[in-house]
file query-v1.txt (compact mmCIF, C-alpha atoms)
# COMPACT_ATOMS: atom_id res chain seq x y z
CA ILE M 266 -11.51 17.97 -23.35
CA SER M 267 -11.44 15.00 -25.65
CA GLN M 268 -12.95 11.71 -24.68
CA SER M 269 -12.13 8.36 -26.26
CA ALA M 270 -15.24 6.95 -27.87
CA HIS M 271 -15.97 3.43 -26.83
CA PRO M 272 -19.06 1.57 -27.97
CA PRO M 273 -21.51 0.91 -25.18
CA PRO M 274 -21.27 -2.58 -23.69
CA ARG M 275 -23.75 -5.12 -24.95
CA ARG M 276 -26.54 -5.83 -22.55
CA THR M 277 -28.38 -9.04 -21.84
CA ALA M 278 -31.98 -9.29 -20.89
CA SER M 279 -34.94 -11.59 -21.06
CA VAL M 280 -37.89 -11.03 -23.31
CA LYS M 281 -39.70 -9.39 -20.40
CA ALA M 282 -37.53 -6.30 -20.79
CA ASN M 283 -39.10 -3.27 -22.50
CA VAL M 284 -36.57 -2.71 -25.24
CA ASN M 285 -38.23 0.37 -26.67
CA SER M 286 -39.65 3.07 -24.41
CA ASN M 287 -41.82 4.33 -27.29
CA SER M 288 -43.36 0.93 -27.94
CA ASP M 289 -45.20 -1.63 -25.94
CA ARG M 290 -43.72 -4.49 -27.93
CA GLY M 291 -41.78 -5.63 -24.88
CA LYS M 292 -45.05 -6.03 -23.00
CA ASN M 293 -46.36 -8.40 -25.63
CA MET M 294 -44.01 -11.06 -24.34
CA ALA M 295 -44.61 -10.52 -20.64
CA SER M 296 -47.66 -12.73 -20.51
CA PHE M 297 -45.71 -15.59 -22.03
CA GLN M 298 -42.91 -15.57 -19.46
CA SER M 299 -42.72 -19.08 -18.04
CA SER M 300 -41.28 -20.45 -14.85
CA SER M 301 -38.00 -22.32 -14.83
CA SER M 302 -39.88 -25.60 -14.39
CA PRO M 303 -41.50 -26.85 -17.60
CA PRO M 304 -45.27 -27.38 -17.40
CA HIS M 305 -46.81 -30.77 -17.92
CA PRO M 306 -47.98 -31.12 -21.56
CA SER M 307 -51.61 -31.54 -20.47
CA SER M 308 -51.58 -28.16 -18.73
CA ILE M 309 -50.43 -26.19 -21.78
CA THR M 310 -52.93 -23.79 -23.30
CA ALA M 311 -52.18 -22.67 -26.84
CA PRO M 312 -51.63 -18.91 -27.24
CA PRO M 313 -53.15 -16.91 -30.09
CA ALA M 314 -51.81 -17.98 -33.49
CA SER M 315 -50.20 -14.57 -34.01
CA ALA M 316 -48.27 -14.72 -30.72
CA TRP M 317 -45.14 -16.12 -32.34
CA VAL M 318 -45.07 -13.23 -34.82
CA ARG M 319 -45.22 -10.66 -32.02
CA ALA M 320 -42.61 -12.58 -30.04
CA LEU M 321 -40.16 -12.58 -32.94
CA GLU M 322 -40.77 -8.85 -33.45
CA VAL M 323 -39.68 -8.23 -29.86
CA PHE M 324 -36.73 -10.57 -30.36
CA GLN M 325 -35.60 -8.59 -33.41
CA ALA M 326 -36.10 -5.29 -31.59
CA MET M 327 -33.87 -6.52 -28.77
CA LYS M 328 -31.07 -7.31 -31.20
CA GLU M 329 -31.42 -3.93 -32.92
CA ALA M 330 -31.19 -2.25 -29.51
CA GLY M 331 -27.94 -4.08 -28.76
CA VAL M 332 -29.50 -6.38 -26.18
CA SER M 333 -28.19 -9.93 -26.38
CA PRO M 334 -30.97 -12.51 -25.90
CA ASP M 335 -30.29 -14.76 -22.92
CA ILE M 336 -31.30 -18.34 -22.21
CA ARG M 337 -34.70 -17.35 -20.82
CA THR M 338 -35.46 -15.30 -23.92
CA TYR M 339 -34.74 -18.23 -26.21
CA ASN M 340 -36.68 -20.62 -24.01
CA ASP M 341 -39.71 -18.33 -24.15
CA LEU M 342 -39.47 -18.01 -27.92
CA ILE M 343 -39.16 -21.75 -28.44
CA THR M 344 -42.11 -22.36 -26.11
CA ILE M 345 -44.30 -19.88 -27.98
CA CYS M 346 -43.34 -21.24 -31.41
CA HIS M 347 -43.96 -24.78 -30.13
CA ARG M 348 -47.43 -23.94 -28.84
CA CYS M 349 -48.30 -22.06 -32.01
CA GLY M 350 -47.27 -25.01 -34.17
CA LYS M 351 -44.24 -23.27 -35.68
CA LEU M 352 -42.06 -26.31 -35.10
CA ASP M 353 -39.41 -25.61 -37.74
CA LYS M 354 -38.90 -22.12 -36.31
CA ALA M 355 -38.59 -23.56 -32.81
CA ALA M 356 -35.97 -26.05 -34.01
CA GLN M 357 -34.13 -23.24 -35.78
CA LEU M 358 -34.04 -21.17 -32.58
CA TYR M 359 -32.60 -24.17 -30.72
CA ALA M 360 -29.85 -24.49 -33.31
CA THR M 361 -29.10 -20.78 -32.94
CA MET M 362 -28.83 -21.13 -29.16
CA LYS M 363 -26.25 -23.86 -29.55
CA SER M 364 -24.28 -21.94 -32.17
CA GLU M 365 -24.12 -18.92 -29.85
CA GLY M 366 -22.68 -21.05 -27.06
CA LEU M 367 -25.47 -20.45 -24.58
CA ARG M 368 -25.60 -22.80 -21.61
CA LEU M 369 -28.78 -24.79 -22.09
CA ASP M 370 -30.95 -25.69 -19.11
CA ALA M 371 -33.52 -28.35 -18.25
CA ARG M 372 -36.36 -26.31 -19.69
CA THR M 373 -34.56 -26.01 -23.02
CA PHE M 374 -34.06 -29.75 -23.40
CA THR M 375 -37.59 -30.61 -22.28
CA THR M 376 -39.29 -28.11 -24.59
CA VAL M 377 -37.13 -28.95 -27.59
CA ALA M 378 -37.80 -32.66 -27.06
CA GLY M 379 -41.49 -31.85 -27.42
CA VAL M 380 -40.73 -30.02 -30.66
CA PHE M 381 -38.76 -32.94 -32.09
CA SER M 382 -41.51 -35.33 -31.00
CA LYS M 383 -44.11 -33.41 -33.00
CA LEU M 384 -41.70 -33.33 -35.93
CA SER M 385 -41.31 -37.13 -35.61
CA ASP M 386 -37.55 -36.55 -35.47
CA TRP M 387 -36.66 -39.33 -33.05
CA GLN M 388 -32.91 -39.17 -33.74
CA SER M 389 -32.65 -35.51 -32.73
CA ALA M 390 -34.93 -36.11 -29.75
CA LEU M 391 -32.87 -39.08 -28.58
CA ALA M 392 -29.67 -37.03 -28.80
CA LEU M 393 -31.09 -34.56 -26.28
CA ILE M 394 -30.76 -37.10 -23.46
CA ASP M 395 -26.99 -37.32 -23.99
CA GLU M 396 -26.71 -33.57 -24.49
CA ALA M 397 -28.53 -32.90 -21.23
CA GLU M 398 -26.31 -35.30 -19.32
CA ALA M 399 -23.21 -33.77 -20.93
CA SER M 400 -24.41 -30.43 -19.52
CA ASN M 401 -24.72 -32.00 -16.03
CA ILE M 402 -28.50 -31.87 -16.23
CA LYS M 403 -30.41 -34.93 -15.07
CA PRO M 404 -33.22 -35.65 -17.54
CA GLY M 405 -36.65 -35.57 -15.92
CA TYR M 406 -39.68 -37.69 -16.67
CA ILE M 407 -41.18 -35.14 -19.08
CA LEU M 408 -37.99 -35.03 -21.15
CA TYR M 409 -37.86 -38.83 -21.23
CA THR M 410 -41.55 -39.04 -22.12
CA ASN M 411 -41.20 -36.56 -24.98
CA VAL M 412 -38.26 -38.52 -26.39
CA ILE M 413 -40.10 -41.84 -26.06
CA SER M 414 -43.10 -40.28 -27.82
CA ALA M 415 -40.81 -39.27 -30.70
CA CYS M 416 -39.53 -42.85 -30.91
CA ALA M 417 -43.10 -44.19 -30.80
CA LYS M 418 -44.12 -42.25 -33.89
CA LYS M 419 -41.54 -44.14 -35.92
CA GLY M 420 -41.99 -47.48 -34.16
CA GLU M 421 -38.54 -47.33 -32.55
CA TRP M 422 -39.57 -49.72 -29.80
CA GLY M 423 -36.03 -50.76 -28.88
CA HIS M 424 -35.03 -47.21 -28.06
CA ALA M 425 -38.32 -46.67 -26.21
CA LEU M 426 -37.71 -49.69 -23.98
CA GLY M 427 -34.09 -48.67 -23.49
CA LEU M 428 -35.21 -45.27 -22.24
CA ILE M 429 -37.71 -46.86 -19.85
CA SER M 430 -34.87 -48.95 -18.42
CA LYS M 431 -32.60 -45.93 -18.19
CA MET M 432 -35.28 -43.98 -16.33
CA LYS M 433 -35.57 -46.71 -13.73
CA ALA M 434 -31.79 -46.95 -13.36
CA SER M 435 -31.67 -43.17 -12.84
CA SER M 436 -34.47 -43.27 -10.23
CA VAL M 437 -36.82 -41.41 -12.56
CA ALA M 438 -40.20 -43.11 -12.32
CA PRO M 439 -42.05 -43.60 -15.62
CA ASN M 440 -45.69 -42.56 -15.38
CA ARG M 441 -48.74 -43.67 -17.33
CA ILE M 442 -48.05 -41.27 -20.22
CA THR M 443 -44.49 -42.60 -20.48
CA TYR M 444 -45.67 -46.20 -20.56
CA ASN M 445 -48.40 -45.41 -23.09
CA ALA M 446 -45.82 -43.95 -25.44
CA ALA M 447 -43.62 -47.04 -25.11
CA ILE M 448 -46.63 -49.34 -25.65
CA HIS M 449 -47.53 -47.44 -28.80
CA ALA M 450 -43.96 -47.81 -30.06
CA CYS M 451 -44.05 -51.57 -29.48
CA CYS M 452 -47.47 -52.10 -31.06
CA LYS M 453 -46.62 -49.98 -34.08
CA ALA M 454 -43.50 -52.10 -34.65
CA GLY M 455 -45.44 -55.36 -34.32
CA GLN M 456 -44.12 -56.11 -30.83
CA ARG M 457 -47.57 -56.68 -29.36
CA GLU M 458 -46.47 -59.17 -26.72
CA ILE M 459 -43.97 -56.71 -25.29
CA GLY M 460 -46.64 -54.00 -25.35
CA ALA M 461 -48.98 -56.29 -23.40
CA LYS M 462 -46.23 -56.95 -20.82
CA LEU M 463 -45.82 -53.21 -20.35
CA VAL M 464 -49.55 -52.96 -19.66
CA GLU M 465 -49.25 -55.57 -16.94
CA GLU M 466 -46.25 -53.72 -15.55
CA MET M 467 -48.36 -50.57 -15.36
CA LYS M 468 -51.04 -52.43 -13.44
CA ASP M 469 -48.48 -53.94 -11.06
CA GLN M 470 -47.22 -50.44 -10.29
CA SER M 471 -50.78 -49.17 -9.77
CA LEU M 472 -50.33 -46.59 -12.52
CA GLY M 473 -53.70 -47.46 -14.01
CA VAL M 474 -54.56 -47.97 -17.64
CA ASP M 475 -56.65 -45.66 -19.82
CA VAL M 476 -58.17 -45.38 -23.27
CA VAL M 477 -54.76 -44.62 -24.83
CA THR M 478 -53.30 -47.81 -23.35
CA TYR M 479 -55.99 -50.08 -24.71
CA THR M 480 -56.39 -48.30 -28.02
CA SER M 481 -52.68 -48.80 -28.75
CA LEU M 482 -52.95 -52.50 -27.97
CA ILE M 483 -56.09 -52.91 -30.08
CA ALA M 484 -54.45 -51.07 -32.99
CA GLY M 485 -51.43 -53.38 -32.72
CA HIS M 486 -53.68 -56.45 -32.91
CA MET M 487 -55.57 -54.87 -35.80
CA TRP M 488 -52.37 -54.29 -37.79
CA ALA M 489 -51.45 -57.93 -37.18
CA LYS M 490 -54.95 -58.99 -38.31
CA ASP M 491 -55.41 -60.82 -35.01
CA ILE M 492 -59.17 -60.49 -34.63
CA LYS M 493 -59.28 -62.74 -31.56
CA SER M 494 -56.89 -60.48 -29.65
CA VAL M 495 -58.73 -57.37 -30.84
CA ILE M 496 -62.01 -58.67 -29.39
CA GLY M 497 -60.34 -59.99 -26.25
CA THR M 498 -58.59 -56.69 -25.53
CA PHE M 499 -61.77 -54.75 -26.20
CA LYS M 500 -63.66 -56.93 -23.70
CA GLN M 501 -60.88 -56.46 -21.14
CA MET M 502 -61.13 -52.72 -21.70
CA GLN M 503 -64.84 -52.85 -20.90
CA ALA M 504 -64.20 -55.05 -17.86
CA ASP M 505 -61.73 -52.44 -16.56
CA LYS M 506 -64.44 -49.80 -17.11
CA VAL M 507 -62.31 -47.82 -19.54
CA LYS M 508 -64.51 -45.93 -21.99
CA PRO M 509 -63.52 -46.42 -25.68
CA ASN M 510 -63.07 -43.39 -27.92
CA GLY M 511 -63.57 -42.94 -31.65
CA GLN M 512 -60.14 -44.28 -32.50
CA THR M 513 -60.79 -47.40 -30.44
CA TYR M 514 -64.02 -48.15 -32.27
CA ALA M 515 -62.39 -47.43 -35.63
CA SER M 516 -59.66 -49.99 -34.97
CA VAL M 517 -62.17 -52.61 -33.83
CA LEU M 518 -64.40 -52.05 -36.87
CA THR M 519 -61.44 -52.17 -39.24
CA ALA M 520 -60.36 -55.48 -37.71
CA LEU M 521 -63.87 -56.90 -38.00
CA THR M 522 -64.17 -55.75 -41.60
CA THR M 523 -60.79 -57.21 -42.54
CA ALA M 524 -61.82 -60.51 -40.99
CA GLY M 525 -65.09 -60.50 -42.94
CA LEU M 526 -67.14 -60.27 -39.75
CA TRP M 527 -68.55 -56.82 -40.53
CA LYS M 528 -70.03 -55.61 -43.78

call {"tool": "encode", "arguments": {"input": "query-v1.txt", "output": "structure tokens"}}
result
Amino acid sequence: ISQSAHPPPRRTASVKANVNSNSDRGKNMASFQSSSSPPHPSSITAPPASAWVRALEVFQAMKEAGVSPDIRTYNDLITICHRCGKLDKAAQLYATMKSEGLRLDARTFTTVAGVFSKLSDWQSALALIDEAEASNIKPGYILYTNVISACAKKGEWGHALGLISKMKASSVAPNRITYNAAIHACCKAGQREIGAKLVEEMKDQSLGVDVVTYTSLIAGHMWAKDIKSVIGTFKQMQADKVKPNGQTYASVLTALTTAGLWK
């Protein structure tokens, strides 16, 4: 009896699948499986440096076994590459996801925004907001914060403020980390007065200020060679019982040295 030979259908699976019964490579990824909700950046613990190599080995094994990587697989890979500092590889995986026509989810956009932020690629990060909305996904505060952080690194204060406004209009409350990123963007671009207004806005909303808030303001005054404001902000920092860090002291000392008040 003859049978028509048809190739087996392609399967889809997440990285958690054991793609090779004679190998435990599939298990290497199990510990990196994340929930659908992205973790807050402060809760992330970096995996071993070699984790991304093992993850990509499993990824390749899946393809060789005829298993099509799904959205969760790609999200896991991007997360691991991100945490291991392999930012270009993470960005490449994102591009591959899009080229394969996968439906991206909230975790994808949030994680990739963090990648672009570390790459200081504010244009690509900013585009993610529109891409998420085009996919009927409402950007959350972590996505917004990552994009604002990307803008801050290049001093794109206008975009940072625009995103703060858009968050409020969308009923997404900016938190202290979000405001700190916007303040840094303003101060880096020489918009110290606007940065100071954002600090007052934080206080009005009872978000609290921290060492990052004040250090950004002091750095902005330092860049402007405004020694009076540097000293005044530093005193206000002490009055608010916020402990300075090394970067704070460095900015103050640089300002004093520039002004000829410290030798």

call {"tool": "closest_residue", "arguments": {"input": "query-v1.txt", "among": "M:Ala417, M:Ala454, M:Ile496, M:Met502", "to": "M:Leu526", "atoms": "all atoms listed in the file"}}
result
M:Ile496

call {"tool": "closest_residue", "arguments": {"input": "query-v1.txt", "among": "M:Thr373, M:Gln501, M:Ser494, M:Thr443", "to": "M:Ala520", "atoms": "all atoms listed in the file"}}
result
M:Ser494

call {"tool": "closest_residue", "arguments": {"input": "query-v1.txt", "among": "M:Val474, M:Ile413, M:Leu321, M:Ile492", "to": "M:Ala446", "atoms": "only C-alpha atoms"}}
result
M:Ile413

call {"tool": "closest_residue", "arguments": {"input": "query-v1.txt", "among": "M:Tyr479, M:Lys419, M:Leu342, M:Gly485", "to": "M:Lys500", "atoms": "all atoms listed in the file"}}
result
M:Tyr479

call {"tool": "closest_residue", "arguments": {"input": "query-v1.txt", "among": "M:Arg368, M:Ala390, M:Lys351, M:Gly525", "to": "M:Val318", "atoms": "all atoms listed in the file"}}
result
M:Lys351

call {"tool": "build_atoms", "arguments": {"input": "query-v1.txt", "residues": "stretch 355-378 of chain M", "atoms": "N, CA, C and O atoms", "output": "PDB file, keeping the file's coordinate frame"}}
result
ATOM      1  N   ALA M 355     -39.064 -23.201 -34.142  1.00  0.00           N
ATOM      2  CA  ALA M 355     -38.590 -23.560 -32.810  1.00  0.00           C
ATOM      3  C   ALA M 355     -37.274 -24.334 -32.893  1.00  0.00           C
ATOM      4  O   ALA M 355     -36.331 -24.073 -32.130  1.00  0.00           O
ATOM      5  N   ALA M 356     -37.200 -25.271 -33.828  1.00  0.00           N
ATOM      6  CA  ALA M 356     -35.970 -26.050 -34.010  1.00  0.00           C
ATOM      7  C   ALA M 356     -34.825 -25.149 -34.467  1.00  0.00           C
ATOM      8  O   ALA M 356     -33.672 -25.330 -34.052  1.00  0.00           O
ATOM      9  N   GLN M 357     -35.146 -24.175 -35.297  1.00  0.00           N
ATOM     10  CA  GLN M 357     -34.130 -23.240 -35.780  1.00  0.00           C
ATOM     11  C   GLN M 357     -33.577 -22.396 -34.624  1.00  0.00           C
ATOM     12  O   GLN M 357     -32.372 -22.146 -34.537  1.00  0.00           O
ATOM     13  N   LEU M 358     -34.465 -21.964 -33.740  1.00  0.00           N
ATOM     14  CA  LEU M 358     -34.040 -21.170 -32.580  1.00  0.00           C
ATOM     15  C   LEU M 358     -33.130 -22.005 -31.673  1.00  0.00           C
ATOM     16  O   LEU M 358     -32.152 -21.491 -31.123  1.00  0.00           O
ATOM     17  N   TYR M 359     -33.454 -23.279 -31.536  1.00  0.00           N
ATOM     18  CA  TYR M 359     -32.600 -24.170 -30.720  1.00  0.00           C
ATOM     19  C   TYR M 359     -31.205 -24.269 -31.328  1.00  0.00           C
ATOM     20  O   TYR M 359     -30.198 -24.203 -30.611  1.00  0.00           O
ATOM     21  N   ALA M 360     -31.138 -24.412 -32.639  1.00  0.00           N
ATOM     22  CA  ALA M 360     -29.850 -24.490 -33.310  1.00  0.00           C
ATOM     23  C   ALA M 360     -29.054 -23.196 -33.116  1.00  0.00           C
ATOM     24  O   ALA M 360     -27.831 -23.223 -32.931  1.00  0.00           O
ATOM     25  N   THR M 361     -29.759 -22.065 -33.136  1.00  0.00           N
ATOM     26  CA  THR M 361     -29.100 -20.780 -32.940  1.00  0.00           C
ATOM     27  C   THR M 361     -28.534 -20.667 -31.526  1.00  0.00           C
ATOM     28  O   THR M 361     -27.418 -20.175 -31.325  1.00  0.00           O
ATOM     29  N   MET M 362     -29.303 -21.148 -30.546  1.00  0.00           N
ATOM     30  CA  MET M 362     -28.830 -21.130 -29.160  1.00  0.00           C
ATOM     31  C   MET M 362     -27.501 -21.879 -29.043  1.00  0.00           C
ATOM     32  O   MET M 362     -26.559 -21.397 -28.414  1.00  0.00           O
ATOM     33  N   LYS M 363     -27.458 -23.048 -29.644  1.00  0.00           N
ATOM     34  CA  LYS M 363     -26.250 -23.860 -29.550  1.00  0.00           C
ATOM     35  C   LYS M 363     -25.074 -23.186 -30.256  1.00  0.00           C
ATOM     36  O   LYS M 363     -23.946 -23.197 -29.752  1.00  0.00           O
ATOM     37  N   SER M 364     -25.352 -22.581 -31.414  1.00  0.00           N
ATOM     38  CA  SER M 364     -24.280 -21.940 -32.170  1.00  0.00           C
ATOM     39  C   SER M 364     -23.724 -20.716 -31.440  1.00  0.00           C
ATOM     40  O   SER M 364     -22.557 -20.358 -31.612  1.00  0.00           O
ATOM     41  N   GLU M 365     -24.555 -20.093 -30.607  1.00  0.00           N
ATOM     42  CA  GLU M 365     -24.120 -18.920 -29.850  1.00  0.00           C
ATOM     43  C   GLU M 365     -23.456 -19.298 -28.538  1.00  0.00           C
ATOM     44  O   GLU M 365     -23.013 -18.421 -27.785  1.00  0.00           O
ATOM     45  N   GLY M 366     -23.397 -20.587 -28.253  1.00  0.00           N
ATOM     46  CA  GLY M 366     -22.680 -21.050 -27.060  1.00  0.00           C
ATOM     47  C   GLY M 366     -23.407 -20.811 -25.761  1.00  0.00           C
ATOM     48  O   GLY M 366     -22.770 -20.810 -24.689  1.00  0.00           O
ATOM     49  N   LEU M 367     -24.718 -20.643 -25.809  1.00  0.00           N
ATOM     50  CA  LEU M 367     -25.470 -20.450 -24.580  1.00  0.00           C
ATOM     51  C   LEU M 367     -25.511 -21.753 -23.784  1.00  0.00           C
ATOM     52  O   LEU M 367     -25.585 -22.846 -24.349  1.00  0.00           O
ATOM     53  N   ARG M 368     -25.510 -21.627 -22.479  1.00  0.00           N
ATOM     54  CA  ARG M 368     -25.600 -22.800 -21.610  1.00  0.00           C
ATOM     55  C   ARG M 368     -27.067 -23.209 -21.508  1.00  0.00           C
ATOM     56  O   ARG M 368     -27.873 -22.493 -20.927  1.00  0.00           O
ATOM     57  N   LEU M 369     -27.399 -24.346 -22.066  1.00  0.00           N
ATOM     58  CA  LEU M 369     -28.780 -24.790 -22.090  1.00  0.00           C
ATOM     59  C   LEU M 369     -29.188 -25.337 -20.727  1.00  0.00           C
ATOM     60  O   LEU M 369     -28.369 -25.875 -19.987  1.00  0.00           O
ATOM     61  N   ASP M 370     -30.473 -25.198 -20.400  1.00  0.00           N
ATOM     62  CA  ASP M 370     -30.950 -25.690 -19.110  1.00  0.00           C
ATOM     63  C   ASP M 370     -32.003 -26.774 -19.302  1.00  0.00           C
ATOM     64  O   ASP M 370     -32.318 -27.176 -20.424  1.00  0.00           O
ATOM     65  N   ALA M 371     -32.554 -27.254 -18.205  1.00  0.00           N
ATOM     66  CA  ALA M 371     -33.520 -28.350 -18.250  1.00  0.00           C
ATOM     67  C   ALA M 371     -34.756 -27.984 -19.057  1.00  0.00           C
ATOM     68  O   ALA M 371     -35.294 -28.816 -19.798  1.00  0.00           O
ATOM     69  N   ARG M 372     -35.180 -26.741 -18.940  1.00  0.00           N
ATOM     70  CA  ARG M 372     -36.360 -26.310 -19.690  1.00  0.00           C
ATOM     71  C   ARG M 372     -36.099 -26.359 -21.191  1.00  0.00           C
ATOM     72  O   ARG M 372     -36.966 -26.746 -21.968  1.00  0.00           O
ATOM     73  N   THR M 373     -34.915 -25.971 -21.595  1.00  0.00           N
ATOM     74  CA  THR M 373     -34.560 -26.010 -23.020  1.00  0.00           C
ATOM     75  C   THR M 373     -34.708 -27.420 -23.565  1.00  0.00           C
ATOM     76  O   THR M 373     -35.395 -27.651 -24.567  1.00  0.00           O
ATOM     77  N   PHE M 374     -34.054 -28.372 -22.911  1.00  0.00           N
ATOM     78  CA  PHE M 374     -34.060 -29.750 -23.400  1.00  0.00           C
ATOM     79  C   PHE M 374     -35.475 -30.339 -23.414  1.00  0.00           C
ATOM     80  O   PHE M 374     -35.863 -31.023 -24.363  1.00  0.00           O
ATOM     81  N   THR M 375     -36.236 -30.055 -22.369  1.00  0.00           N
ATOM     82  CA  THR M 375     -37.590 -30.610 -22.280  1.00  0.00           C
ATOM     83  C   THR M 375     -38.490 -30.057 -23.371  1.00  0.00           C
ATOM     84  O   THR M 375     -39.215 -30.800 -24.045  1.00  0.00           O
ATOM     85  N   THR M 376     -38.444 -28.745 -23.572  1.00  0.00           N
ATOM     86  CA  THR M 376     -39.290 -28.110 -24.590  1.00  0.00           C
ATOM     87  C   THR M 376     -38.890 -28.543 -25.993  1.00  0.00           C
ATOM     88  O   THR M 376     -39.748 -28.861 -26.825  1.00  0.00           O
ATOM     89  N   VAL M 377     -37.596 -28.574 -26.260  1.00  0.00           N
ATOM     90  CA  VAL M 377     -37.130 -28.950 -27.590  1.00  0.00           C
ATOM     91  C   VAL M 377     -37.446 -30.417 -27.881  1.00  0.00           C
ATOM     92  O   VAL M 377     -37.749 -30.777 -29.030  1.00  0.00           O
ATOM     93  N   ALA M 378     -37.420 -31.262 -26.862  1.00  0.00           N
ATOM     94  CA  ALA M 378     -37.800 -32.660 -27.060  1.00  0.00           C
ATOM     95  C   ALA M 378     -39.246 -32.760 -27.515  1.00  0.00           C
ATOM     96  O   ALA M 378     -39.587 -33.591 -28.369  1.00  0.00           O
TER      97      ALA M 378
END
